[in-house]
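A.B. asks: Here it is: the structure, laid out below.
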Amino acid sequence: NIMKYVGATNHFIRIPFFVEGIIIGLISALLAFILIWGGYALVFNFIEENGSSWIRQLLPVLLSFEEVAWPLLGGFAVAGVLVGTVGCTFSVRNHLKV
């Protein structure tokens with residue numbers, strides 16, 4: 001309300017919230033990507049060392065994580081930005097009666 005009283009426009013008040021939503025979405029996308037990469041590596045190494053013979057025969061067919069890393073990171077980034085923006089839109093609409 002204080003910003004509104006000094007003459008700030010609705011967009012000027014909302015922009016910091018959208019930037020925060022985008023940044024939090026990107027950080028969470030990066031964190032999810034790192035966790036999935038680590039989990040994939042752990043499971044792959046475990047199967048490689050301790051798996052039965054028929055499971056080890058499937059390992060050459062599996063894609064390495066590096067082959068899908070960039071598309072996966074891009075998808076996570078887009079999804080994180082979308083979720084952050086949508087969440088910010090609802091939050092600003094509900095809590096800031098500007």
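Chains: A, B, ... in order of the structure tokens. Residues: from 1 per chain. Ligands: from 1, in order shown.
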Could you please write out, as a ChimeraX atom specification, every residue of chain A that DSSP assigns to helix (DSSP H, G or I)?

C.D. replies: /A:2-5,10-50,53-56,59-61,65-95

A.B. asks: List the neighbours of range 5-17 of chain A out to 12 Å using only C-alpha atoms; skip same-chain residues closer than 6 positions along the sequence, and give me the result as a PyMOL selection string.

C.D. replies: chain A and resi 23-24+84-93+95-98

A.B. asks: Using only C-alpha atoms, which of A:Asn94, A:Ser52, A:Met3, A:Ala77 sits nearest Ile22 in chain A?

C.D. replies: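 Result for the nearest residue to Ile22 in chain A: A:Ala77.
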
A.B. asks: Hey, what's within 12 Å of Phe44 in chain A if we count only C-alpha atoms and toss same-chain stuff fewer than 3 positions away? As a short mmCIF file (atom, residue, chain, number, x, y, z; two decimals) with N, CA and C atoms, in the first residue's frame, please?

C.D. replies:
data_model
loop_
_atom_site.label_atom_id
_atom_site.label_comp_id
_atom_site.auth_asym_id
_atom_site.auth_seq_id
_atom_site.Cartn_x
_atom_site.Cartn_y
_atom_site.Cartn_z
N ILE A 36 18.49 -35.90 -9.53
CA ILE A 36 18.21 -36.99 -10.47
C ILE A 36 19.50 -37.52 -11.07
N TRP A 37 20.43 -36.64 -11.40
CA TRP A 37 21.72 -37.07 -11.95
C TRP A 37 22.45 -37.97 -10.95
N GLY A 38 22.49 -37.55 -9.69
CA GLY A 38 23.16 -38.36 -8.68
C GLY A 38 22.46 -39.68 -8.44
N GLY A 39 21.13 -39.67 -8.39
CA GLY A 39 20.38 -40.91 -8.21
C GLY A 39 20.56 -41.87 -9.37
N TYR A 40 20.56 -41.35 -10.58
CA TYR A 40 20.76 -42.19 -11.76
C TYR A 40 22.14 -42.83 -11.73
N ALA A 41 23.14 -42.04 -11.36
CA ALA A 41 24.51 -42.58 -11.29
C ALA A 41 24.62 -43.66 -10.21
N ILE A 47 23.68 -51.36 -10.15
CA ILE A 47 23.29 -52.46 -11.05
C ILE A 47 24.51 -53.04 -11.75
N GLU A 48 25.43 -52.16 -12.12
CA GLU A 48 26.63 -52.61 -12.82
C GLU A 48 27.49 -53.52 -11.95
N GLU A 49 27.57 -53.21 -10.67
CA GLU A 49 28.42 -53.98 -9.77
C GLU A 49 27.70 -55.17 -9.14
N ASN A 50 26.42 -55.02 -8.80
CA ASN A 50 25.74 -56.04 -8.01
C ASN A 50 24.56 -56.69 -8.71
N GLY A 51 24.27 -56.29 -9.92
CA GLY A 51 23.11 -56.83 -10.60
C GLY A 51 23.32 -58.24 -11.09
N ILE A 55 20.24 -58.61 -15.88
CA ILE A 55 20.11 -57.14 -15.76
C ILE A 55 21.33 -56.47 -16.36
N ARG A 56 22.51 -57.03 -16.17
CA ARG A 56 23.72 -56.45 -16.76
C ARG A 56 23.70 -56.49 -18.27
N LEU A 58 21.21 -55.71 -20.01
CA LEU A 58 20.41 -54.56 -20.41
C LEU A 58 21.17 -53.24 -20.32
N LEU A 59 22.30 -53.19 -19.61
CA LEU A 59 23.03 -51.94 -19.43
C LEU A 59 23.46 -51.28 -20.73
N PRO A 60 23.95 -52.02 -21.74
CA PRO A 60 24.32 -51.32 -22.98
C PRO A 60 23.14 -50.67 -23.70
N LEU A 62 20.62 -49.13 -22.13
CA LEU A 62 20.22 -47.93 -21.40
C LEU A 62 20.99 -46.71 -21.89
N LEU A 63 20.31 -45.59 -21.90
CA LEU A 63 20.96 -44.34 -22.28
C LEU A 63 21.82 -43.84 -21.12
N SER A 64 22.95 -43.27 -21.46
CA SER A 64 23.74 -42.64 -20.41
C SER A 64 23.08 -41.31 -20.06
N PHE A 65 23.32 -40.85 -18.87
CA PHE A 65 22.67 -39.62 -18.43
C PHE A 65 23.13 -38.42 -19.25
#

A.B. asks: Could you state the separation of CA of Trp70 in chain A and CA of Gln57 in chain A in Å, given to one decimal place?

C.D. replies: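 Distance between the two atoms: 26.6 Å.
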
A.B. asks: Skipping near chain neighbours, those fewer than 6 positions away, what residues fall within 10 Å of Ile27 in chain A using only C-alpha atoms, listed as a PyMOL selection string?

C.D. replies: chain A and resi 21+33+77+80-81

A.B. asks: Taking N, CA, C and O atoms for each residue, export the selection above as a JSON list (two decimals), in the first residue's frame.

C.D. replies:
[["chain", "number", "residue", "atom", "x", "y", "z"],
["A", 21, "GLY", "N", 9.76, -15.38, -8.22],
["A", 21, "GLY", "CA", 9.18, -16.66, -8.64],
["A", 21, "GLY", "C", 10.02, -17.35, -9.70],
["A", 21, "GLY", "O", 10.22, -18.57, -9.65],
["A", 33, "PHE", "N", 17.49, -31.40, -10.99],
["A", 33, "PHE", "CA", 18.38, -31.97, -12.00],
["A", 33, "PHE", "C", 19.59, -32.64, -11.34],
["A", 33, "PHE", "O", 19.95, -33.77, -11.69],
["A", 77, "ALA", "N", 14.01, -26.43, -16.42],
["A", 77, "ALA", "CA", 14.07, -24.97, -16.34],
["A", 77, "ALA", "C", 12.76, -24.34, -16.80],
["A", 77, "ALA", "O", 12.24, -23.43, -16.15],
["A", 80, "GLY", "N", 10.14, -25.06, -14.20],
["A", 80, "GLY", "CA", 10.37, -24.25, -13.00],
["A", 80, "GLY", "C", 9.95, -22.81, -13.17],
["A", 80, "GLY", "O", 9.33, -22.22, -12.29],
["A", 81, "VAL", "N", 10.25, -22.24, -14.34],
["A", 81, "VAL", "CA", 9.83, -20.86, -14.60],
["A", 81, "VAL", "C", 8.31, -20.76, -14.68],
["A", 81, "VAL", "O", 7.71, -19.83, -14.14]]

A.B. asks: For a test of reading the model, state the distance in Å between CA of Gly74 in chain A and CA of Asn45 in chain A, rounded to one decimal.

C.D. replies: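 Separation of CA of Gly74 in chain A and CA of Asn45 in chain A: 25.3 Å.
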
A.B. asks: Mind pulling up the distance from CA of Leu72 in chain A to CA of Ala32 in chain A?

C.D. replies: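 Atom-to-atom, CA of Ala32 in chain A and CA of Leu72 in chain A are spaced 10.3 Å apart.
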